[in-house]
$ cat work06.pdb   # PDB, C-alpha atoms
ATOM      1  CA  MET A 181      28.034 -30.371 -57.679  1.00  0.00           C
ATOM      2  CA  ILE A 182      28.344 -26.671 -56.781  1.00  0.00           C
ATOM      3  CA  THR A 183      24.781 -26.092 -57.881  1.00  0.00           C
ATOM      4  CA  GLN A 184      23.525 -28.851 -55.610  1.00  0.00           C
ATOM      5  CA  TYR A 185      25.371 -27.385 -52.624  1.00  0.00           C
ATOM      6  CA  THR A 186      23.976 -23.966 -53.415  1.00  0.00           C
ATOM      7  CA  LEU A 187      20.417 -25.270 -53.609  1.00  0.00           C
ATOM      8  CA  LEU A 188      20.901 -27.190 -50.378  1.00  0.00           C
ATOM      9  CA  SER A 189      22.217 -24.086 -48.619  1.00  0.00           C
ATOM     10  CA  VAL A 190      19.311 -22.004 -49.870  1.00  0.00           C
ATOM     11  CA  LEU A 191      16.857 -24.672 -48.745  1.00  0.00           C
ATOM     12  CA  VAL A 192      18.382 -24.802 -45.269  1.00  0.00           C
ATOM     13  CA  LEU A 193      18.274 -21.002 -45.039  1.00  0.00           C
ATOM     14  CA  VAL A 194      14.639 -20.904 -46.074  1.00  0.00           C
ATOM     15  CA  VAL A 195      13.731 -23.586 -43.536  1.00  0.00           C
ATOM     16  CA  ALA A 196      15.607 -21.696 -40.795  1.00  0.00           C
ATOM     17  CA  LEU A 197      13.811 -18.460 -41.709  1.00  0.00           C
ATOM     18  CA  LEU A 198      10.450 -20.202 -41.662  1.00  0.00           C
ATOM     19  CA  ILE A 199      11.165 -21.709 -38.251  1.00  0.00           C
ATOM     20  CA  SER A 200      12.326 -18.364 -36.866  1.00  0.00           C
ATOM     21  CA  MET A 201       9.047 -16.778 -37.942  1.00  0.00           C
ATOM     22  CA  PHE A 202       7.100 -18.657 -35.308  1.00  0.00           C
ATOM     23  CA  ARG A 203       7.342 -17.428 -31.697  1.00  0.00           C
ATOM     24  CA  ILE A 204       5.524 -18.712 -28.635  1.00  0.00           C
ATOM     25  CA  LEU A 205       4.610 -16.318 -25.848  1.00  0.00           C
ATOM     26  CA  ARG A 206       3.493 -17.401 -22.397  1.00  0.00           C
ATOM     27  CA  GLU A 207       0.245 -16.210 -20.846  1.00  0.00           C
ATOM     28  CA  TYR A 208       1.972 -13.427 -18.920  1.00  0.00           C
ATOM     29  CA  GLU A 209       4.072 -12.212 -21.886  1.00  0.00           C
ATOM     30  CA  ARG A 210       3.356  -9.748 -24.672  1.00  0.00           C
ATOM     31  CA  ALA A 211       5.360  -8.888 -27.801  1.00  0.00           C
ATOM     32  CA  VAL A 212       5.761  -5.282 -28.889  1.00  0.00           C
ATOM     33  CA  VAL A 213       6.226  -5.605 -32.682  1.00  0.00           C
ATOM     34  CA  PHE A 214       8.065  -3.065 -34.825  1.00  0.00           C
ATOM     35  CA  LEU A 215       7.801  -2.993 -38.627  1.00  0.00           C
ATOM     36  CA  LEU A 216      10.937  -1.501 -40.198  1.00  0.00           C
ATOM     37  CA  GLY A 217      11.630   0.346 -36.970  1.00  0.00           C
ATOM     38  CA  ARG A 218       8.126   1.748 -36.514  1.00  0.00           C
ATOM     39  CA  PHE A 219       5.693   0.494 -33.888  1.00  0.00           C
ATOM     40  CA  GLN A 220       3.101  -1.802 -35.423  1.00  0.00           C
ATOM     41  CA  THR A 221       1.154  -3.724 -32.792  1.00  0.00           C
ATOM     42  CA  VAL A 222       1.207  -5.721 -29.551  1.00  0.00           C
ATOM     43  CA  LYS A 223       0.844  -9.477 -29.976  1.00  0.00           C
ATOM     44  CA  GLY A 224       0.380 -12.441 -27.691  1.00  0.00           C
ATOM     45  CA  PRO A 225       0.012 -14.644 -25.835  1.00  0.00           C
ATOM     46  CA  GLY A 226       0.305 -17.907 -27.748  1.00  0.00           C
ATOM     47  CA  LEU A 227       1.742 -18.538 -31.198  1.00  0.00           C
ATOM     48  CA  ILE A 228       2.658 -15.451 -33.210  1.00  0.00           C
ATOM     49  CA  ILE A 229       4.417 -14.901 -36.541  1.00  0.00           C
ATOM     50  CA  ILE A 230       7.305 -12.454 -36.917  1.00  0.00           C
ATOM     51  CA  ILE A 231       8.718 -11.834 -40.393  1.00  0.00           C
ATOM     52  CA  PRO A 232      12.520 -11.943 -40.085  1.00  0.00           C
ATOM     53  CA  ILE A 233      14.488  -8.779 -40.905  1.00  0.00           C
ATOM     54  CA  VAL A 234      11.297  -6.841 -41.635  1.00  0.00           C
ATOM     55  CA  GLN A 235       9.800  -7.150 -38.158  1.00  0.00           C
ATOM     56  CA  GLN A 236      11.386  -7.101 -34.694  1.00  0.00           C
ATOM     57  CA  MET A 237       9.775  -7.781 -31.349  1.00  0.00           C
ATOM     58  CA  VAL A 238      10.454  -6.993 -27.698  1.00  0.00           C
ATOM     59  CA  ARG A 239       9.119  -9.268 -24.969  1.00  0.00           C
ATOM     60  CA  VAL A 240       7.382  -7.615 -22.006  1.00  0.00           C
ATOM     61  CA  ASP A 241       6.547  -9.402 -18.740  1.00  0.00           C
ATOM     62  CA  LEU A 242       3.128  -8.454 -17.349  1.00  0.00           C
ATOM     63  CA  ARG A 243       3.563 -10.109 -13.957  1.00  0.00           C
ATOM     64  CA  THR A 244       3.940  -8.105 -10.753  1.00  0.00           C
ATOM     65  CA  ILE A 245       7.589  -7.159 -10.276  1.00  0.00           C
ATOM     66  CA  VAL A 246       9.131  -6.886  -6.811  1.00  0.00           C
ATOM     67  CA  LEU A 247      11.691  -4.066  -6.775  1.00  0.00           C
ATOM     68  CA  ASP A 248      14.004  -3.800  -3.773  1.00  0.00           C
ATOM     69  CA  VAL A 249      14.920  -0.159  -3.205  1.00  0.00           C
ATOM     70  CA  PRO A 250      18.521   0.116  -1.919  1.00  0.00           C
ATOM     71  CA  THR A 251      19.165   1.634   1.513  1.00  0.00           C
ATOM     72  CA  GLN A 252      18.994   5.423   1.401  1.00  0.00           C
ATOM     73  CA  ASP A 253      20.700   7.851   3.791  1.00  0.00           C
ATOM     74  CA  LEU A 254      18.455  10.778   4.635  1.00  0.00           C
ATOM     75  CA  ILE A 255      17.959  13.481   7.251  1.00  0.00           C
ATOM     76  CA  THR A 256      14.504  13.949   8.738  1.00  0.00           C
ATOM     77  CA  ARG A 257      12.847  17.292   9.335  1.00  0.00           C
ATOM     78  CA  ASP A 258      14.054  17.296  12.958  1.00  0.00           C
ATOM     79  CA  ASN A 259      17.675  16.806  11.776  1.00  0.00           C
ATOM     80  CA  VAL A 260      18.037  13.095  12.606  1.00  0.00           C
ATOM     81  CA  SER A 261      20.192  10.966  10.294  1.00  0.00           C
ATOM     82  CA  VAL A 262      18.557   7.624   9.412  1.00  0.00           C
ATOM     83  CA  ARG A 263      18.970   4.829   6.859  1.00  0.00           C
ATOM     84  CA  VAL A 264      15.797   3.598   5.176  1.00  0.00           C
ATOM     85  CA  ASN A 265      15.078   0.907   2.620  1.00  0.00           C
ATOM     86  CA  ALA A 266      11.815  -0.097   0.984  1.00  0.00           C
ATOM     87  CA  VAL A 267      10.220  -2.470  -1.524  1.00  0.00           C
ATOM     88  CA  VAL A 268       8.024  -1.516  -4.492  1.00  0.00           C
ATOM     89  CA  TYR A 269       5.443  -3.774  -6.174  1.00  0.00           C
ATOM     90  CA  PHE A 270       4.463  -2.778  -9.719  1.00  0.00           C
ATOM     91  CA  ARG A 271       3.351  -4.260 -13.026  1.00  0.00           C
ATOM     92  CA  VAL A 272       3.221  -3.221 -16.680  1.00  0.00           C
ATOM     93  CA  LEU A 273      -0.279  -2.328 -17.872  1.00  0.00           C
ATOM     94  CA  ASP A 274       0.585  -0.951 -21.312  1.00  0.00           C
ATOM     95  CA  PRO A 275       3.510  -2.737 -23.045  1.00  0.00           C
ATOM     96  CA  GLN A 276       3.604  -0.177 -25.856  1.00  0.00           C
ATOM     97  CA  MET A 277       4.159   2.760 -23.457  1.00  0.00           C
ATOM     98  CA  ALA A 278       6.629   0.779 -21.333  1.00  0.00           C
ATOM     99  CA  ILE A 279       8.852   0.163 -24.371  1.00  0.00           C
ATOM    100  CA  ASN A 280       8.361   3.351 -26.400  1.00  0.00           C
ATOM    101  CA  ASN A 281       8.199   6.015 -23.656  1.00  0.00           C
ATOM    102  CA  VAL A 282      11.148   4.980 -21.475  1.00  0.00           C
ATOM    103  CA  GLU A 283      14.483   3.358 -22.282  1.00  0.00           C
ATOM    104  CA  ASN A 284      14.502   0.867 -19.387  1.00  0.00           C
ATOM    105  CA  TYR A 285      11.372   0.900 -17.268  1.00  0.00           C
ATOM    106  CA  LEU A 286      12.917  -1.286 -14.547  1.00  0.00           C
ATOM    107  CA  GLU A 287      15.907   1.013 -14.023  1.00  0.00           C
ATOM    108  CA  ALA A 288      13.760   4.120 -14.370  1.00  0.00           C
ATOM    109  CA  THR A 289      11.302   2.904 -11.727  1.00  0.00           C
ATOM    110  CA  SER A 290      14.153   1.993  -9.380  1.00  0.00           C
ATOM    111  CA  GLN A 291      15.808   5.416  -9.657  1.00  0.00           C
ATOM    112  CA  LEU A 292      12.483   7.203  -9.267  1.00  0.00           C
ATOM    113  CA  ALA A 293      11.686   5.150  -6.152  1.00  0.00           C
ATOM    114  CA  GLN A 294      15.036   6.050  -4.569  1.00  0.00           C
ATOM    115  CA  THR A 295      14.704   9.793  -5.138  1.00  0.00           C
ATOM    116  CA  THR A 296      11.050   9.821  -4.049  1.00  0.00           C
ATOM    117  CA  LEU A 297      11.907   7.894  -0.877  1.00  0.00           C
ATOM    118  CA  ARG A 298      14.530  10.461   0.118  1.00  0.00           C
ATOM    119  CA  SER A 299      12.435  13.519  -0.723  1.00  0.00           C
ATOM    120  CA  VAL A 300       9.188  12.360   0.919  1.00  0.00           C
ATOM    121  CA  LEU A 301      10.637  10.919   4.121  1.00  0.00           C
ATOM    122  CA  GLY A 302      12.926  13.923   4.547  1.00  0.00           C
ATOM    123  CA  GLN A 303       9.837  16.102   5.020  1.00  0.00           C
ATOM    124  CA  HIS A 304       8.711  14.213   8.140  1.00  0.00           C
ATOM    125  CA  GLU A 305      10.043  13.974  11.675  1.00  0.00           C
ATOM    126  CA  LEU A 306      11.512  10.799  13.148  1.00  0.00           C
ATOM    127  CA  ASP A 307       8.442  10.078  15.295  1.00  0.00           C
ATOM    128  CA  GLU A 308       6.208  10.238  12.226  1.00  0.00           C
ATOM    129  CA  LEU A 309       8.608   8.000  10.323  1.00  0.00           C
ATOM    130  CA  LEU A 310       8.370   5.342  13.036  1.00  0.00           C
ATOM    131  CA  ALA A 311       4.688   5.611  13.962  1.00  0.00           C
ATOM    132  CA  GLU A 312       2.935   6.515  10.698  1.00  0.00           C
ATOM    133  CA  ARG A 313       4.356   4.060   8.172  1.00  0.00           C
ATOM    134  CA  GLU A 314       0.980   3.274   6.630  1.00  0.00           C
ATOM    135  CA  THR A 315       0.400   6.929   5.791  1.00  0.00           C
ATOM    136  CA  LEU A 316       3.906   7.304   4.378  1.00  0.00           C
ATOM    137  CA  ASN A 317       3.480   4.142   2.296  1.00  0.00           C
ATOM    138  CA  ARG A 318       0.296   5.543   0.749  1.00  0.00           C
ATOM    139  CA  ASP A 319       1.986   8.870   0.004  1.00  0.00           C
ATOM    140  CA  LEU A 320       4.924   7.131  -1.676  1.00  0.00           C
ATOM    141  CA  GLN A 321       2.617   4.925  -3.734  1.00  0.00           C
ATOM    142  CA  SER A 322       0.546   7.901  -4.882  1.00  0.00           C
ATOM    143  CA  ILE A 323       3.586   9.919  -5.965  1.00  0.00           C
ATOM    144  CA  LEU A 324       5.254   6.998  -7.774  1.00  0.00           C
ATOM    145  CA  ASP A 325       2.026   5.984  -9.490  1.00  0.00           C
ATOM    146  CA  GLN A 326       1.519   9.531 -10.727  1.00  0.00           C
ATOM    147  CA  HIS A 327       5.021   9.750 -12.222  1.00  0.00           C
ATOM    148  CA  THR A 328       4.973   6.278 -13.826  1.00  0.00           C
ATOM    149  CA  ASP A 329       1.556   6.696 -15.422  1.00  0.00           C
ATOM    150  CA  ASN A 330       3.146   7.839 -18.699  1.00  0.00           C
ATOM    151  CA  TRP A 331       5.302   4.717 -18.708  1.00  0.00           C
ATOM    152  CA  GLY A 332       2.330   2.347 -18.723  1.00  0.00           C
ATOM    153  CA  ILE A 333       3.250   1.112 -15.212  1.00  0.00           C
ATOM    154  CA  LYS A 334       0.933   0.667 -12.231  1.00  0.00           C
ATOM    155  CA  ILE A 335       2.417   0.897  -8.729  1.00  0.00           C
ATOM    156  CA  ALA A 336       0.530  -1.665  -6.664  1.00  0.00           C
ATOM    157  CA  ASN A 337       2.145  -1.097  -3.283  1.00  0.00           C
ATOM    158  CA  VAL A 338       5.101   0.508  -1.511  1.00  0.00           C
ATOM    159  CA  GLU A 339       6.349  -0.756   1.855  1.00  0.00           C
ATOM    160  CA  ILE A 340       9.046   0.785   4.065  1.00  0.00           C
ATOM    161  CA  LYS A 341      10.962  -2.270   5.291  1.00  0.00           C
ATOM    162  CA  HIS A 342      13.489  -0.995   7.809  1.00  0.00           C
ATOM    163  CA  VAL A 343      14.494   2.248   9.511  1.00  0.00           C
ATOM    164  CA  ASP A 344      18.030   2.121  10.899  1.00  0.00           C
ATOM    165  CA  ILE A 345      18.846   4.606  13.695  1.00  0.00           C
ATOM    166  CA  SER A 346      22.191   5.202  15.401  1.00  0.00           C
ATOM    167  CA  GLU A 347      22.875   3.816  18.893  1.00  0.00           C
ATOM    168  CA  SER A 348      23.032   7.282  20.458  1.00  0.00           C
ATOM    169  CA  MET A 349      19.590   8.111  19.095  1.00  0.00           C
ATOM    170  CA  VAL A 350      18.202   4.807  20.362  1.00  0.00           C
ATOM    171  CA  ARG A 351      19.459   5.603  23.875  1.00  0.00           C
ATOM    172  CA  ALA A 352      18.009   9.120  23.661  1.00  0.00           C
ATOM    173  CA  MET A 353      14.633   7.701  22.624  1.00  0.00           C
ATOM    174  CA  ALA A 354      14.745   5.235  25.536  1.00  0.00           C
ATOM    175  CA  ARG A 355      15.381   8.091  27.983  1.00  0.00           C
ATOM    176  CA  GLN A 356      12.560  10.065  26.427  1.00  0.00           C
ATOM    177  CA  ALA A 357      10.154   7.127  26.768  1.00  0.00           C
ATOM    178  CA  GLU A 358      11.180   6.635  30.411  1.00  0.00           C
ATOM    179  CA  ALA A 359      10.628  10.329  31.157  1.00  0.00           C
ATOM    180  CA  GLU A 360       7.221  10.143  29.507  1.00  0.00           C
ATOM    181  CA  ARG A 361       6.233   7.151  31.666  1.00  0.00           C
ATOM    182  CA  MET A 362       7.348   8.988  34.828  1.00  0.00           C
ATOM    183  CA  ARG A 363       5.341  12.047  33.799  1.00  0.00           C
ATOM    184  CA  ARG A 364       2.227   9.930  33.311  1.00  0.00           C
ATOM    185  CA  ALA A 365       2.759   8.231  36.683  1.00  0.00           C
ATOM    186  CA  LYS A 366       3.024  11.597  38.439  1.00  0.00           C
ATOM    187  CA  VAL A 367      -0.086  12.884  36.715  1.00  0.00           C
ATOM    188  CA  ILE A 368      -2.026   9.760  37.685  1.00  0.00           C
ATOM    189  CA  HIS A 369      -0.802  10.043  41.294  1.00  0.00           C
ATOM    190  CA  ALA A 370      -1.764  13.718  41.487  1.00  0.00           C
ATOM    191  CA  THR A 371      -5.184  12.960  40.016  1.00  0.00           C
ATOM    192  CA  GLY A 372      -5.709  10.259  42.645  1.00  0.00           C
ATOM    193  CA  GLU A 373      -4.726  12.655  45.439  1.00  0.00           C
ATOM    194  CA  LEU A 374      -7.171  15.254  44.118  1.00  0.00           C
ATOM    195  CA  GLU A 375     -10.026  12.758  43.946  1.00  0.00           C
ATOM    196  CA  ALA A 376      -9.177  11.456  47.442  1.00  0.00           C
ATOM    197  CA  SER A 377      -9.157  14.994  48.903  1.00  0.00           C
ATOM    198  CA  GLU A 378     -12.543  15.703  47.342  1.00  0.00           C
ATOM    199  CA  LYS A 379     -14.012  12.533  48.834  1.00  0.00           C
ATOM    200  CA  LEU A 380     -12.480  13.284  52.252  1.00  0.00           C
ATOM    201  CA  ALA A 381     -13.971  16.778  52.164  1.00  0.00           C
ATOM    202  CA  GLU A 382     -17.389  15.300  51.382  1.00  0.00           C
ATOM    203  CA  ALA A 383     -17.011  12.752  54.205  1.00  0.00           C
ATOM    204  CA  ALA A 384     -15.988  15.451  56.684  1.00  0.00           C
ATOM    205  CA  SER A 385     -18.998  17.528  55.705  1.00  0.00           C
ATOM    206  CA  VAL A 386     -21.355  14.576  56.266  1.00  0.00           C
ATOM    207  CA  LEU A 387     -19.799  13.679  59.640  1.00  0.00           C
ATOM    208  CA  ALA A 388     -19.972  17.297  60.793  1.00  0.00           C
ATOM    209  CA  ASN A 389     -23.676  17.515  60.020  1.00  0.00           C
ATOM    210  CA  GLN A 390     -24.547  14.072  61.415  1.00  0.00           C
ATOM    211  CA  PRO A 391     -23.151  13.415  64.957  1.00  0.00           C
ATOM    212  CA  ASN A 392     -24.626   9.912  64.936  1.00  0.00           C
ATOM    213  CA  ALA A 393     -22.571   9.072  61.883  1.00  0.00           C
ATOM    214  CA  LEU A 394     -19.442  10.077  63.746  1.00  0.00           C
ATOM    215  CA  GLN A 395     -20.431   7.792  66.623  1.00  0.00           C
ATOM    216  CA  LEU A 396     -21.002   4.895  64.225  1.00  0.00           C
ATOM    217  CA  ARG A 397     -17.609   5.525  62.700  1.00  0.00           C
ATOM    218  CA  TYR A 398     -16.088   5.482  66.184  1.00  0.00           C
ATOM    219  CA  LEU A 399     -17.687   2.079  66.928  1.00  0.00           C
ATOM    220  CA  GLN A 400     -16.468   0.682  63.623  1.00  0.00           C
ATOM    221  CA  THR A 401     -12.953   1.798  64.452  1.00  0.00           C
ATOM    222  CA  LEU A 402     -13.165   0.010  67.810  1.00  0.00           C
ATOM    223  CA  THR A 403     -14.216  -3.177  66.013  1.00  0.00           C
ATOM    224  CA  GLU A 404     -11.264  -2.971  63.640  1.00  0.00           C
ATOM    225  CA  VAL A 405      -8.796  -2.329  66.468  1.00  0.00           C
ATOM    226  CA  ALA A 406     -10.191  -5.246  68.544  1.00  0.00           C
ATOM    227  CA  SER A 407      -9.603  -7.654  65.665  1.00  0.00           C
ATOM    228  CA  ASP A 408      -5.883  -6.788  65.579  1.00  0.00           C
ATOM    229  CA  ARG A 409      -3.856  -9.365  67.583  1.00  0.00           C
ATOM    230  CA  THR A 410      -0.806  -7.258  68.218  1.00  0.00           C
ATOM    231  CA  ASN A 411       0.510  -6.318  71.669  1.00  0.00           C
ATOM    232  CA  THR A 412      -0.106  -2.655  71.075  1.00  0.00           C
ATOM    233  CA  LEU A 413      -3.686  -1.499  71.494  1.00  0.00           C
ATOM    234  CA  VAL A 414      -4.756   1.894  70.336  1.00  0.00           C
ATOM    235  CA  PHE A 415      -8.004   3.075  71.947  1.00  0.00           C
ATOM    236  CA  PRO A 416      -9.458   6.195  70.356  1.00  0.00           C
ATOM    237  CA  VAL A 417     -11.262   8.589  72.706  1.00  0.00           C
ATOM    238  CA  PRO A 418     -13.839  11.064  71.433  1.00  0.00           C
ATOM    239  CA  MET A 419     -12.576  14.649  71.395  1.00  0.00           C
ATOM    240  CA  ASP A 420     -15.658  16.026  73.123  1.00  0.00           C
ATOM    241  CA  LEU A 421     -14.929  13.794  76.135  1.00  0.00           C
ATOM    242  CA  ILE A 422     -11.371  15.120  76.350  1.00  0.00           C
ATOM    243  CA  ASN A 423     -12.566  18.691  76.069  1.00  0.00           C
ATOM    244  CA  ARG A 424     -14.764  18.267  79.156  1.00  0.00           C
ATOM    245  CA  PHE A 425     -11.806  17.237  81.341  1.00  0.00           C
ATOM    246  CA  ALA A 426      -9.604  19.907  79.848  1.00  0.00           C
ATOM    247  CA  GLU A 427     -11.939  22.713  80.900  1.00  0.00           C
ATOM    248  CA  LYS A 428     -10.640  24.577  84.005  1.00  0.00           C
ATOM    249  CA  PRO A 429     -13.164  25.423  86.764  1.00  0.00           C
ATOM    250  CA  THR A 430     -13.719  29.112  87.411  1.00  0.00           C
ATOM    251  CA  GLY A 431     -13.641  30.541  90.994  1.00  0.00           C
ATOM    252  CA  LYS A 432     -15.528  33.339  92.582  1.00  0.00           C
ATOM    253  CA  GLY A 433     -15.524  36.602  90.810  1.00  0.00           C
ATOM    254  CA  GLY A 434     -15.074  34.789  87.567  1.00  0.00           C
ATOM    255  CA  ASP A 435     -11.248  34.599  87.843  1.00  0.00           C
ATOM    256  CA  PRO A 436      -9.858  31.249  86.825  1.00  0.00           C
ATOM    257  CA  GLY A 437      -7.777  29.254  89.295  1.00  0.00           C
ATOM    258  CA  GLN A 438      -9.398  30.666  92.430  1.00  0.00           C
TER     259      GLN A 438
END
$ encode --input "work06.pdb" --output "structure tokens"
Amino acid sequence: MITQYTLLSVLVLVVALLISMFRILREYERAVVFLLGRFQTVKGPGLIIIIPIVQQMVRVDLRTIVLDVPTQDLITRDNVSVRVNAVVYFRVLDPQMAINNVENYLEATSQLAQTTLRSVLGQHELDELLAERETLNRDLQSILDQHTDNWGIKIANVEIKHVDISESMVRAMARQAEAERMRRAKVIHATGELEASEKLAEAASVLANQPNALQLRYLQTLTEVASDRTNTLVFPVPMDLINRFAEKPTGKGGDPGQ
């Protein structure tokens, strides 16, 4: 009876070991196989065989991983305190390097992204941080991709999600934008006055050289005044006509008033 139980137990153990030898990996998974603790090969996808006790395997996901970088407090180059968070998209290209060269590639990539975010953005001013996000995203991606190359990881994209600024700084930026709009308005007004003065100088030069043009302008003014239906009527009189009446007659001997 004891012998039968022993044989049955051995049979069950053998069947369990045989079943445990077969592993199924999905299309996006790979198995890093170790033989007696030493790296042997990378297997998958599909059905693979792992010898129990002798071989061990580690599953690696090859899909793109979305890593949310926690909010980081940093000070820009112009001494403004801001809070910035970002998101990193990366995937494993070499499962062997991702397992053998770094203890935990997810945690390592997260920590590297946090430190890189603080160091890179701290070298720029606040205006650059707000207006040049595409350039900063490319710089962050290049630096992260360079550091994670030995880990068998490819950084696909880095995006700065949100830049949080204090209320006092928001009000200061609003005042700055308002002052900038007023400056532009004054410049535009001054430019218009300059152009108008140049055109008036040209018109005065033409009217001075062409008396007939001045007469035509006088008649046009009369037409515009006549079309006005107000009670007040302004009648312009040529200056040369006034000058004739203003001249004083000279008496005998050339003395005026005699």
$ resolve_selection --input "work06.pdb" --expression "the PyMOL selection byres ((chain A and resi 231) around 12)" --output "list of chain:residue names"
A:Leu197, A:Leu198, A:Ile199, A:Ser200, A:Met201, A:Phe202, A:Arg203, A:Val213, A:Phe214, A:Leu215, A:Leu216, A:Ile228, A:Ile229, A:Ile230, A:Pro232, A:Ile233, A:Val234, A:Gln235, A:Gln236, A:Met237
$ residues_around --input "work06.pdb" --residues "Gly226 of chain A" --least-positions-apart "3" --cutoff "7 Å" --atoms "all atoms listed in the file" --output "number ranges by chain"
A: 204-206
$ residues_near_point --input "work06.pdb" --point "(-0.2, 7.2, 3.0)" --cutoff "12 Å" --atoms "only C-alpha atoms" --output "CSV table (one decimal) with C-alpha atoms, in the frame of the given file"
chain,number,residue,atom,x,y,z
A,300,VAL,CA,9.2,12.4,0.9
A,301,LEU,CA,10.6,10.9,4.1
A,308,GLU,CA,6.2,10.2,12.2
A,309,LEU,CA,8.6,8.0,10.3
A,312,GLU,CA,2.9,6.5,10.7
A,313,ARG,CA,4.4,4.1,8.2
A,314,GLU,CA,1.0,3.3,6.6
A,315,THR,CA,0.4,6.9,5.8
A,316,LEU,CA,3.9,7.3,4.4
A,317,ASN,CA,3.5,4.1,2.3
A,318,ARG,CA,0.3,5.5,0.7
A,319,ASP,CA,2.0,8.9,0.0
A,320,LEU,CA,4.9,7.1,-1.7
A,321,GLN,CA,2.6,4.9,-3.7
A,322,SER,CA,0.5,7.9,-4.9
A,323,ILE,CA,3.6,9.9,-6.0
A,337,ASN,CA,2.1,-1.1,-3.3
A,338,VAL,CA,5.1,0.5,-1.5
A,339,GLU,CA,6.3,-0.8,1.9
A,340,ILE,CA,9.0,0.8,4.1
$ closest_atom_pairs --input "work06.pdb" --of "segment 297-388 of chain A" --to "segment 249-268 of chain A" --cutoff "9 Å" --atoms "only C-alpha atoms" --output "tab-separated table"
residue	atom	partner	partner_atom	distance
A:Leu297	CA	A:Gln252	CA	7.8
A:Arg298	CA	A:Leu254	CA	6.0
A:Ser299	CA	A:Leu254	CA	8.5
A:Leu301	CA	A:Thr256	CA	6.7
A:Gly302	CA	A:Thr256	CA	4.5
A:Gln303	CA	A:Arg257	CA	5.4
A:His304	CA	A:Arg257	CA	5.3
A:Glu305	CA	A:Arg257	CA	4.9
A:Leu306	CA	A:Thr256	CA	6.2
A:Leu309	CA	A:Thr256	CA	8.5
A:Gln321	CA	A:Val268	CA	8.4
A:Ile335	CA	A:Val268	CA	7.4
A:Ala336	CA	A:Val268	CA	7.8
A:Asn337	CA	A:Val268	CA	6.0
A:Val338	CA	A:Val268	CA	4.6
A:Glu339	CA	A:Val267	CA	5.4
A:Ile340	CA	A:Ala266	CA	4.2
A:Lys341	CA	A:Ala266	CA	4.9
A:His342	CA	A:Asn265	CA	5.8
A:Val343	CA	A:Val264	CA	4.7
A:Asp344	CA	A:Arg263	CA	5.0
A:Ile345	CA	A:Val262	CA	5.2
A:Ser346	CA	A:Val262	CA	7.4
A:Met349	CA	A:Val260	CA	8.3
$ atom_distance --input "work06.pdb" --atom1 "atom CA of Val195 of chain A" --atom2 "atom CA of Val222 of chain A"
25.9 Å
$ closest_residue --input "work06.pdb" --among "A:Val386, A:Thr186, A:Val240, A:Glu373" --to "Ala211 of chain A" --atoms "only C-alpha atoms"
A:Val240
